[in-house]
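A.B. asks: File final-v2.pdb below, PDB, C-alpha atoms and all ligand atoms:
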```pdb
ATOM      1  CA  MET Q   1      43.606 -18.300  68.054  1.00  0.00           C
ATOM      2  CA  LYS Q   2      43.591 -21.905  69.230  1.00  0.00           C
ATOM      3  CA  VAL Q   3      46.423 -24.128  67.969  1.00  0.00           C
ATOM      4  CA  GLU Q   4      43.787 -26.376  66.409  1.00  0.00           C
ATOM      5  CA  LYS Q   5      42.453 -23.437  64.398  1.00  0.00           C
ATOM      6  CA  ALA Q   6      45.916 -22.308  63.277  1.00  0.00           C
ATOM      7  CA  ILE Q   7      46.718 -25.855  62.102  1.00  0.00           C
ATOM      8  CA  GLU Q   8      43.509 -25.910  60.123  1.00  0.00           C
ATOM      9  CA  LYS Q   9      43.956 -22.402  58.704  1.00  0.00           C
ATOM     10  CA  ARG Q  10      47.591 -22.684  57.592  1.00  0.00           C
ATOM     11  CA  ARG Q  11      47.905 -23.314  53.889  1.00  0.00           C
ATOM     12  CA  SER Q  12      50.746 -22.929  51.411  1.00  0.00           C
ATOM     13  CA  TYR Q  13      49.079 -20.186  49.374  1.00  0.00           C
ATOM     14  CA  ARG Q  14      50.613 -18.946  46.137  1.00  0.00           C
ATOM     15  CA  ALA Q  15      48.434 -15.911  45.425  1.00  0.00           C
ATOM     16  CA  LEU Q  16      50.023 -13.214  47.546  1.00  0.00           C
ATOM     17  CA  GLU Q  17      49.690  -9.494  48.094  1.00  0.00           C
ATOM     18  CA  PRO Q  18      52.182  -7.228  49.845  1.00  0.00           C
ATOM     19  CA  VAL Q  19      52.237  -6.794  53.604  1.00  0.00           C
ATOM     20  CA  GLU Q  20      54.660  -4.801  55.742  1.00  0.00           C
ATOM     21  CA  ILE Q  21      57.060  -7.063  57.611  1.00  0.00           C
ATOM     22  CA  ASN Q  22      58.390  -4.907  60.418  1.00  0.00           C
ATOM     23  CA  ASP Q  23      61.031  -5.753  63.026  1.00  0.00           C
ATOM     24  CA  GLU Q  24      58.375  -6.734  65.555  1.00  0.00           C
ATOM     25  CA  ILE Q  25      56.907  -9.339  63.210  1.00  0.00           C
ATOM     26  CA  ILE Q  26      60.366 -10.755  62.535  1.00  0.00           C
ATOM     27  CA  ARG Q  27      61.091 -10.968  66.277  1.00  0.00           C
ATOM     28  CA  GLU Q  28      57.741 -12.617  66.934  1.00  0.00           C
ATOM     29  CA  LEU Q  29      58.292 -15.273  64.253  1.00  0.00           C
ATOM     30  CA  ALA Q  30      61.837 -15.967  65.437  1.00  0.00           C
ATOM     31  CA  LYS Q  31      60.589 -16.212  69.040  1.00  0.00           C
ATOM     32  CA  ALA Q  32      57.871 -18.711  68.113  1.00  0.00           C
ATOM     33  CA  ALA Q  33      60.539 -20.854  66.442  1.00  0.00           C
ATOM     34  CA  SER Q  34      62.961 -20.549  69.345  1.00  0.00           C
ATOM     35  CA  PHE Q  35      60.424 -21.959  71.830  1.00  0.00           C
ATOM     36  CA  ALA Q  36      60.483 -25.298  69.941  1.00  0.00           C
ATOM     37  CA  PRO Q  37      61.949 -28.396  71.591  1.00  0.00           C
ATOM     38  CA  SER Q  38      65.366 -29.572  70.452  1.00  0.00           C
ATOM     39  CA  CYS Q  39      67.812 -32.310  71.387  1.00  0.00           C
ATOM     40  CA  TYR Q  40      69.654 -31.124  74.541  1.00  0.00           C
ATOM     41  CA  ASN Q  41      68.045 -27.720  73.904  1.00  0.00           C
ATOM     42  CA  ASN Q  42      70.667 -27.239  71.181  1.00  0.00           C
ATOM     43  CA  GLN Q  43      68.445 -24.908  69.101  1.00  0.00           C
ATOM     44  CA  PRO Q  44      70.284 -25.581  65.829  1.00  0.00           C
ATOM     45  CA  TRP Q  45      67.990 -23.373  63.710  1.00  0.00           C
ATOM     46  CA  LYS Q  46      69.063 -20.054  62.184  1.00  0.00           C
ATOM     47  CA  PHE Q  47      66.945 -17.764  60.039  1.00  0.00           C
ATOM     48  CA  ILE Q  48      67.914 -15.083  57.554  1.00  0.00           C
ATOM     49  CA  PHE Q  49      64.977 -12.759  56.898  1.00  0.00           C
ATOM     50  CA  ILE Q  50      65.242 -11.236  53.429  1.00  0.00           C
ATOM     51  CA  ARG Q  51      63.114  -8.121  53.534  1.00  0.00           C
ATOM     52  CA  SER Q  52      64.578  -5.294  51.468  1.00  0.00           C
ATOM     53  CA  SER Q  53      63.185  -5.007  47.953  1.00  0.00           C
ATOM     54  CA  GLU Q  54      66.761  -4.895  46.598  1.00  0.00           C
ATOM     55  CA  LYS Q  55      67.660  -8.218  48.210  1.00  0.00           C
ATOM     56  CA  LEU Q  56      64.305  -9.803  47.329  1.00  0.00           C
ATOM     57  CA  ASP Q  57      65.031  -8.889  43.698  1.00  0.00           C
ATOM     58  CA  VAL Q  58      68.459 -10.515  43.862  1.00  0.00           C
ATOM     59  CA  VAL Q  59      67.087 -13.716  45.404  1.00  0.00           C
ATOM     60  CA  ARG Q  60      64.561 -14.149  42.560  1.00  0.00           C
ATOM     61  CA  ASP Q  61      67.325 -15.587  40.430  1.00  0.00           C
ATOM     62  CA  ALA Q  62      67.780 -18.511  42.852  1.00  0.00           C
ATOM     63  CA  ILE Q  63      64.118 -19.577  42.739  1.00  0.00           C
ATOM     64  CA  SER Q  64      63.409 -22.615  40.538  1.00  0.00           C
ATOM     65  CA  LYS Q  65      61.067 -22.607  37.593  1.00  0.00           C
ATOM     66  CA  GLY Q  66      57.492 -23.174  38.728  1.00  0.00           C
ATOM     67  CA  ASN Q  67      57.989 -21.220  41.928  1.00  0.00           C
ATOM     68  CA  GLU Q  68      57.662 -17.765  40.338  1.00  0.00           C
ATOM     69  CA  TRP Q  69      54.650 -17.056  42.568  1.00  0.00           C
ATOM     70  CA  MET Q  70      57.300 -16.509  45.239  1.00  0.00           C
ATOM     71  CA  PHE Q  71      58.308 -13.238  43.554  1.00  0.00           C
ATOM     72  CA  ASP Q  72      55.299 -11.650  45.293  1.00  0.00           C
ATOM     73  CA  SER Q  73      56.658 -12.462  48.766  1.00  0.00           C
ATOM     74  CA  SER Q  74      57.024  -9.537  51.158  1.00  0.00           C
ATOM     75  CA  CYS Q  75      59.772 -11.419  52.954  1.00  0.00           C
ATOM     76  CA  ILE Q  76      61.660 -14.652  52.312  1.00  0.00           C
ATOM     77  CA  ILE Q  77      63.206 -16.588  55.171  1.00  0.00           C
ATOM     78  CA  ALA Q  78      66.274 -18.706  54.494  1.00  0.00           C
ATOM     79  CA  VAL Q  79      66.299 -21.577  56.993  1.00  0.00           C
ATOM     80  CA  ILE Q  80      69.839 -22.725  57.665  1.00  0.00           C
ATOM     81  CA  SER Q  81      71.523 -25.141  60.047  1.00  0.00           C
ATOM     82  CA  LYS Q  82      74.567 -27.379  60.416  1.00  0.00           C
ATOM     83  CA  LYS Q  83      75.049 -30.955  61.544  1.00  0.00           C
ATOM     84  CA  ASP Q  84      77.426 -30.006  64.342  1.00  0.00           C
ATOM     85  CA  LEU Q  85      74.914 -27.653  65.988  1.00  0.00           C
ATOM     86  CA  ASP Q  86      72.800 -30.535  67.237  1.00  0.00           C
ATOM     87  CA  CYS Q  87      72.852 -34.125  68.527  1.00  0.00           C
ATOM     88  CA  VAL Q  88      74.528 -36.796  66.444  1.00  0.00           C
ATOM     89  CA  ILE Q  89      73.754 -40.261  67.811  1.00  0.00           C
ATOM     90  CA  ARG Q  90      75.498 -42.846  65.616  1.00  0.00           C
ATOM     91  CA  ASP Q  91      73.849 -42.344  62.219  1.00  0.00           C
ATOM     92  CA  ARG Q  92      71.075 -40.125  63.574  1.00  0.00           C
ATOM     93  CA  TYR Q  93      71.473 -36.417  62.838  1.00  0.00           C
ATOM     94  CA  TYR Q  94      68.915 -34.276  64.606  1.00  0.00           C
ATOM     95  CA  TYR Q  95      69.601 -30.791  63.212  1.00  0.00           C
ATOM     96  CA  GLN Q  96      67.090 -31.042  60.396  1.00  0.00           C
ATOM     97  CA  PHE Q  97      64.390 -32.628  62.585  1.00  0.00           C
ATOM     98  CA  ASP Q  98      64.752 -29.942  65.232  1.00  0.00           C
ATOM     99  CA  THR Q  99      64.893 -27.121  62.693  1.00  0.00           C
ATOM    100  CA  GLY Q 100      61.705 -28.487  61.119  1.00  0.00           C
ATOM    101  CA  LEU Q 101      59.984 -28.441  64.506  1.00  0.00           C
ATOM    102  CA  ALA Q 102      60.968 -24.805  64.960  1.00  0.00           C
ATOM    103  CA  VAL Q 103      59.743 -23.857  61.490  1.00  0.00           C
ATOM    104  CA  GLY Q 104      56.422 -25.620  62.190  1.00  0.00           C
ATOM    105  CA  GLN Q 105      55.876 -23.396  65.204  1.00  0.00           C
ATOM    106  CA  MET Q 106      56.885 -20.319  63.248  1.00  0.00           C
ATOM    107  CA  LEU Q 107      54.366 -21.095  60.505  1.00  0.00           C
ATOM    108  CA  LEU Q 108      51.528 -21.531  62.980  1.00  0.00           C
ATOM    109  CA  ARG Q 109      52.372 -18.266  64.736  1.00  0.00           C
ATOM    110  CA  ALA Q 110      52.487 -16.526  61.348  1.00  0.00           C
ATOM    111  CA  THR Q 111      49.053 -17.954  60.557  1.00  0.00           C
ATOM    112  CA  GLU Q 112      47.751 -16.607  63.832  1.00  0.00           C
ATOM    113  CA  MET Q 113      49.180 -13.201  62.892  1.00  0.00           C
ATOM    114  CA  GLY Q 114      47.254 -13.248  59.615  1.00  0.00           C
ATOM    115  CA  LEU Q 115      50.292 -13.946  57.439  1.00  0.00           C
ATOM    116  CA  ALA Q 116      50.550 -16.457  54.609  1.00  0.00           C
ATOM    117  CA  THR Q 117      53.657 -18.639  54.605  1.00  0.00           C
ATOM    118  CA  HIS Q 118      54.882 -21.178  52.069  1.00  0.00           C
ATOM    119  CA  ALA Q 119      58.020 -23.313  52.395  1.00  0.00           C
ATOM    120  CA  ILE Q 120      59.886 -24.362  49.274  1.00  0.00           C
ATOM    121  CA  ALA Q 121      62.697 -26.745  48.409  1.00  0.00           C
ATOM    122  CA  GLY Q 122      62.791 -25.622  44.779  1.00  0.00           C
ATOM    123  CA  PHE Q 123      65.711 -23.191  44.768  1.00  0.00           C
ATOM    124  CA  SER Q 124      69.437 -23.178  44.074  1.00  0.00           C
ATOM    125  CA  VAL Q 125      71.412 -23.694  47.271  1.00  0.00           C
ATOM    126  CA  ARG Q 126      74.577 -22.573  45.534  1.00  0.00           C
ATOM    127  CA  LYS Q 127      73.059 -19.262  44.447  1.00  0.00           C
ATOM    128  CA  ILE Q 128      71.389 -18.577  47.813  1.00  0.00           C
ATOM    129  CA  LYS Q 129      74.665 -19.167  49.634  1.00  0.00           C
ATOM    130  CA  LYS Q 130      76.433 -16.756  47.317  1.00  0.00           C
ATOM    131  CA  MET Q 131      73.703 -14.094  47.431  1.00  0.00           C
ATOM    132  CA  LEU Q 132      73.423 -14.132  51.228  1.00  0.00           C
ATOM    133  CA  SER Q 133      77.127 -14.746  51.958  1.00  0.00           C
ATOM    134  CA  ILE Q 134      76.362 -17.994  53.795  1.00  0.00           C
ATOM    135  CA  PRO Q 135      79.548 -19.952  54.535  1.00  0.00           C
ATOM    136  CA  GLU Q 136      79.948 -23.259  52.689  1.00  0.00           C
ATOM    137  CA  GLU Q 137      79.550 -25.504  55.773  1.00  0.00           C
ATOM    138  CA  TRP Q 138      75.927 -24.451  56.384  1.00  0.00           C
ATOM    139  CA  ASP Q 139      72.941 -26.337  54.943  1.00  0.00           C
ATOM    140  CA  VAL Q 140      70.226 -24.192  53.390  1.00  0.00           C
ATOM    141  CA  ILE Q 141      67.273 -26.402  54.315  1.00  0.00           C
ATOM    142  CA  ALA Q 142      64.370 -24.381  52.916  1.00  0.00           C
ATOM    143  CA  LEU Q 143      63.156 -20.965  51.888  1.00  0.00           C
ATOM    144  CA  ILE Q 144      59.914 -19.684  53.342  1.00  0.00           C
ATOM    145  CA  SER Q 145      57.794 -17.113  51.610  1.00  0.00           C
ATOM    146  CA  VAL Q 146      55.926 -14.676  53.848  1.00  0.00           C
ATOM    147  CA  GLY Q 147      53.143 -12.483  52.535  1.00  0.00           C
ATOM    148  CA  LYS Q 148      49.448 -11.949  52.723  1.00  0.00           C
ATOM    149  CA  LYS Q 149      46.927 -14.148  50.975  1.00  0.00           C
ATOM    150  CA  SER Q 150      45.593 -12.186  48.039  1.00  0.00           C
ATOM    151  CA  ARG Q 151      41.887 -11.502  48.015  1.00  0.00           C
ATOM    152  CA  LYS Q 152      41.879 -10.775  44.279  1.00  0.00           C
ATOM    153  CA  LYS Q 153      44.361 -13.057  42.539  1.00  0.00           C
ATOM    154  CA  LYS Q 154      43.475 -16.671  41.830  1.00  0.00           C
ATOM    155  CA  VAL Q 155      46.130 -19.361  41.530  1.00  0.00           C
ATOM    156  CA  ILE Q 156      45.380 -23.005  40.799  1.00  0.00           C
ATOM    157  CA  GLY Q 157      45.907 -25.126  43.890  1.00  0.00           C
ATOM    158  CA  ASP Q 158      45.062 -22.391  46.364  1.00  0.00           C
ATOM    159  CA  GLU Q 159      41.345 -23.092  46.466  1.00  0.00           C
ATOM    160  CA  SER Q 160      41.462 -26.280  48.527  1.00  0.00           C
ATOM    161  CA  ARG Q 161      43.926 -28.086  50.758  1.00  0.00           C
ATOM    162  CA  PRO Q 162      45.833 -30.848  48.946  1.00  0.00           C
ATOM    163  CA  GLU Q 163      44.419 -34.184  50.038  1.00  0.00           C
ATOM    164  CA  ARG Q 164      46.114 -35.903  52.961  1.00  0.00           C
ATOM    165  CA  LEU Q 165      46.834 -39.593  53.384  1.00  0.00           C
ATOM    166  CA  LYS Q 166      44.141 -41.598  55.140  1.00  0.00           C
ATOM    167  CA  MET Q 167      44.984 -42.050  58.817  1.00  0.00           C
ATOM    168  CA  GLN Q 168      45.483 -45.805  58.407  1.00  0.00           C
ATOM    169  CA  TYR Q 169      48.594 -44.987  56.326  1.00  0.00           C
ATOM    170  CA  VAL Q 170      49.856 -42.447  58.818  1.00  0.00           C
ATOM    171  CA  PHE Q 171      49.944 -44.257  62.163  1.00  0.00           C
ATOM    172  CA  SER Q 172      49.581 -47.630  63.846  1.00  0.00           C
ATOM    173  CA  ILE Q 173      49.039 -48.566  67.474  1.00  0.00           C
ATOM    174  CA  ASP Q 174      51.142 -50.914  69.614  1.00  0.00           C
ATOM    175  CA  GLU Q 175      53.118 -52.319  66.670  1.00  0.00           C
ATOM    176  CA  TYR Q 176      54.208 -51.674  63.155  1.00  0.00           C
ATOM    177  CA  SER Q 177      51.538 -52.133  60.527  1.00  0.00           C
ATOM    178  CA  LYS Q 178      52.240 -53.153  56.931  1.00  0.00           C
ATOM    179  CA  LYS Q 179      49.973 -50.312  55.895  1.00  0.00           C
ATOM    180  CA  LEU Q 180      52.689 -47.899  56.976  1.00  0.00           C
ATOM    181  CA  SER Q 181      54.932 -49.050  54.139  1.00  0.00           C
ATOM    182  CA  LYS Q 182      52.212 -49.216  51.547  1.00  0.00           C
ATOM    183  CA  LYS Q 183      52.905 -46.818  48.680  1.00  0.00           C
ATOM    184  CA  VAL Q 184      49.740 -44.810  48.550  1.00  0.00           C
ATOM    185  CA  LYS Q 185      48.817 -42.121  46.114  1.00  0.00           C
ATOM    186  CA  HIS Q 186      47.450 -38.915  47.507  1.00  0.00           C
TER     187      HIS Q 186
HETATM  188  C1  LIG S 201      60.151 -28.984  52.549  1.00  0.00           C
HETATM  189  C2  LIG S 201      59.060 -28.461  51.665  1.00  0.00           C
HETATM  190  C3  LIG S 201      59.338 -28.173  50.340  1.00  0.00           C
HETATM  191  C4  LIG S 201      58.345 -27.630  49.513  1.00  0.00           C
HETATM  192  N1  LIG S 201      58.668 -27.241  48.244  1.00  0.00           N
HETATM  193  C5  LIG S 201      57.767 -26.569  47.503  1.00  0.00           C
HETATM  194  C6  LIG S 201      58.142 -25.997  46.254  1.00  0.00           C
HETATM  195  O1  LIG S 201      59.286 -26.050  45.818  1.00  0.00           O
HETATM  196  N2  LIG S 201      57.160 -25.354  45.558  1.00  0.00           N
HETATM  197  C7  LIG S 201      55.877 -25.217  46.013  1.00  0.00           C
HETATM  198  O2  LIG S 201      55.049 -24.596  45.332  1.00  0.00           O
HETATM  199  N3  LIG S 201      55.505 -25.756  47.210  1.00  0.00           N
HETATM  200  C8  LIG S 201      56.421 -26.409  47.964  1.00  0.00           C
HETATM  201  N4  LIG S 201      56.059 -26.909  49.196  1.00  0.00           N
HETATM  202  C9  LIG S 201      54.666 -26.778  49.689  1.00  0.00           C
HETATM  203  C10 LIG S 201      53.924 -28.113  49.637  1.00  0.00           C
HETATM  204  O3  LIG S 201      53.657 -28.422  48.298  1.00  0.00           O
HETATM  205  C11 LIG S 201      52.646 -28.017  50.484  1.00  0.00           C
HETATM  206  O4  LIG S 201      53.005 -27.806  51.821  1.00  0.00           O
HETATM  207  C12 LIG S 201      51.804 -29.283  50.382  1.00  0.00           C
HETATM  208  O5  LIG S 201      51.298 -29.435  49.081  1.00  0.00           O
HETATM  209  C13 LIG S 201      50.628 -29.257  51.349  1.00  0.00           C
HETATM  210  O6  LIG S 201      49.821 -28.135  51.144  1.00  0.00           O
HETATM  211  P1  LIG S 201      49.464 -27.129  52.345  1.00  0.00           P
HETATM  212  O7  LIG S 201      50.783 -26.646  52.913  1.00  0.00           O
HETATM  213  O8  LIG S 201      48.671 -25.995  51.718  1.00  0.00           O
HETATM  214  O9  LIG S 201      48.678 -27.864  53.361  1.00  0.00           O
HETATM  215  C14 LIG S 201      57.033 -27.450  50.015  1.00  0.00           C
HETATM  216  C15 LIG S 201      56.750 -27.760  51.360  1.00  0.00           C
HETATM  217  C16 LIG S 201      57.759 -28.240  52.182  1.00  0.00           C
HETATM  218  C17 LIG S 201      57.441 -28.496  53.641  1.00  0.00           C
END
```
Go through the file and emit its structure as structure tokens.
C.D. replies:
Amino acid sequence: MKVEKAIEKRRSYRALEPVEINDEIIRELAKAASFAPSCYNNQPWKFIFIRSSEKLDVVRDAISKGNEWMFDSSCIIAVISKKDLDCVIRDRYYYQFDTGLAVGQMLLRATEMGLATHAIAGFSVRKIKKMLSIPEEWDVIALISVGKKSRKKKVIGDESRPERLKMQYVFSIDEYSKKLSKKVKH
């Protein structure tokens, strides 16, 4: 699949059906992430793949209201990192930027593999840390649901891609444009 196609195909679907997530799939997703660029090649990203039904059941309790669709995930990835794993240049901390780049690659590779992925911020960091025994100093940046897009279930929002900002509000050329700071509704 061309990158262009994977970018177009990837969607944060909520209607999921089960799919087997074997060790090979996990390795492949982690590999796609690890090929991402990072400041000084620091590779600050770490991933905890939650795959057993027992652990997936436990993690349910950390998912915020409104994100119950995530209970149908076949796997949930906890994305974690720490400030000191990556470049700090004055007030610029690169660990979250670089981890985001890695996750972006992982999501596209998952799309290519026919998997549905959906990142969320709506969860309890405190509970996730406790449930997965993550030491206090780590940041839990996001959870990512992995499953298969359901052919039967219908969930509102899945039918079309949420609208994107018009390009004039996304980039400018040669200098800053006031349009970049315009508060636009999408
Ligand atoms: C950091 C982050 C946090 C998100 N949090 C949630 C969330 O808590 N619940 C949810 O349903 N979707 C969440 N999303 C998914 C976005 O709503 C979704 O990516 C956006 O609407 C664009 O839709 P698309 O991914 O299908 O193109 C999150 C996405 C990101 C990247």
A.B. asks: Per residue of chain Q within 6 Å of ligand LIG 201 (chain S), which atom pair is closest and at what distance in Å (one decimal), using only C-alpha atoms and all ligand atoms, listed by chain and increasing number, as a Markdown table?
C.D. replies:
```
| residue | atom | partner | partner_atom | distance |
| --- | --- | --- | --- | --- |
| Q:Arg11 | CA | S:LIG201 | O8 | 3.5 |
| Q:Ser12 | CA | S:LIG201 | O8 | 3.7 |
| Q:Asn67 | CA | S:LIG201 | N2 | 5.6 |
| Q:Ala119 | CA | S:LIG201 | C15 | 4.7 |
| Q:Ile120 | CA | S:LIG201 | N1 | 3.3 |
| Q:Ala121 | CA | S:LIG201 | N1 | 4.1 |
| Q:Gly122 | CA | S:LIG201 | O1 | 3.7 |
| Q:Arg161 | CA | S:LIG201 | O8 | 5.3 |
| Q:Pro162 | CA | S:LIG201 | O6 | 5.3 |
```
A.B. asks: In Å, how far is it from atom CA of Q:Arg109 to atom CA of Q:Pro37?
C.D. replies: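 For atom CA of Q:Arg109 relative to atom CA of Q:Pro37, the distance reads 15.5 Å.
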A.B. asks: Would you kindly translate the PyMOL selection byres (((chain Q and resi 18) around 9) and not hetatm) into the concrete residues it picks from this file, as a ChimeraX atom specification?
C.D. replies: /Q:16-17,19-20,72-74,147-150
A.B. asks: With a distance cut-off of 10 Å and all atoms listed in the file, select the neighbouring residues of Q:Gln96, excluding the residue or stretch itself and same-chain residues fewer than 2 positions from it, and output the selection as a count of residues only.
C.D. replies: 16
A.B. asks: Tell me which protein, DNA and RNA residues are within 7 Å of Q:Val146, counting all atoms listed in the file, leaving out same-chain ones fewer than 4 positions away, and put them as a list of chain:residue names.
C.D. replies: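 Here the qualifying residues turn out to be Q:Ser73, Q:Ser74, Q:Cys75, Q:Ile76, Q:Leu115, Q:Ala116, Q:Thr117, Q:His118.
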A.B. asks: Given 4 Å of margin on each side, can you work out the centre and size in Å (one decimal) of an axis-aligned box holding every listed atom of stretch 157-173 of chain Q, as lines of an AutoDock Vina configuration file?
C.D. replies:
```
center_x = 45.6
center_y = -35.5
center_z = 55.7
size_x = 16.6
size_y = 34.2
size_z = 31.6
```
A.B. asks: If you count all atoms listed in the file, which residues fall within 12 Å of stretch 48-59 of chain Q, apart from same-chain ones fewer than 5 positions away, as a ChimeraX atom specification?
C.D. replies: /Q:18-23,25-27,29-30,64,68,70-81,123-134,140-147
A.B. asks: If I take atom CA of Q:Lys9 and atom CA of Q:Glu159, how far is one from the other in Å, to one decimal?
C.D. replies: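 Separating atom CA of Q:Lys9 from atom CA of Q:Glu159 is a distance of 12.5 Å.
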A.B. asks: Would you mind telling me which residue in Q:Ile89, Q:Ile7, Q:Ala33, Q:Met1 lies nearest to Q:Met106 when using all atoms listed in the file?
C.D. replies: Q:Ala33
A.B. asks: Choose the residue, out of Q:Leu180, Q:Val170, Q:Ala15, Q:Cys39, that has the smallest atom-to-atom separation from Q:Cys87; count only C-alpha atoms.
C.D. replies: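 The answer is Q:Cys39, which sits nearest to Q:Cys87.
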A.B. asks: Could you tell me how far atom CA of Q:Ile156 lies from atom CA of Q:Glu8, in Å and to one decimal?
C.D. replies: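 Interatomic distance, atom CA of Q:Ile156 to atom CA of Q:Glu8: 19.6 Å.
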A.B. asks: Would you please work out which residue, of Q:Lys46, Q:Lys2, Q:Arg60, Q:Lys185, is nearest to Q:Arg164 when using only C-alpha atoms?
C.D. replies: Q:Lys185
A.B. asks: When you count all atoms listed in the file, which of these residues is closest to Q:Gly157: Q:Glu112, Q:Trp69, Q:Glu28, Q:Asp61?
C.D. replies: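 Selected residue with least distance to Q:Gly157: Q:Trp69.
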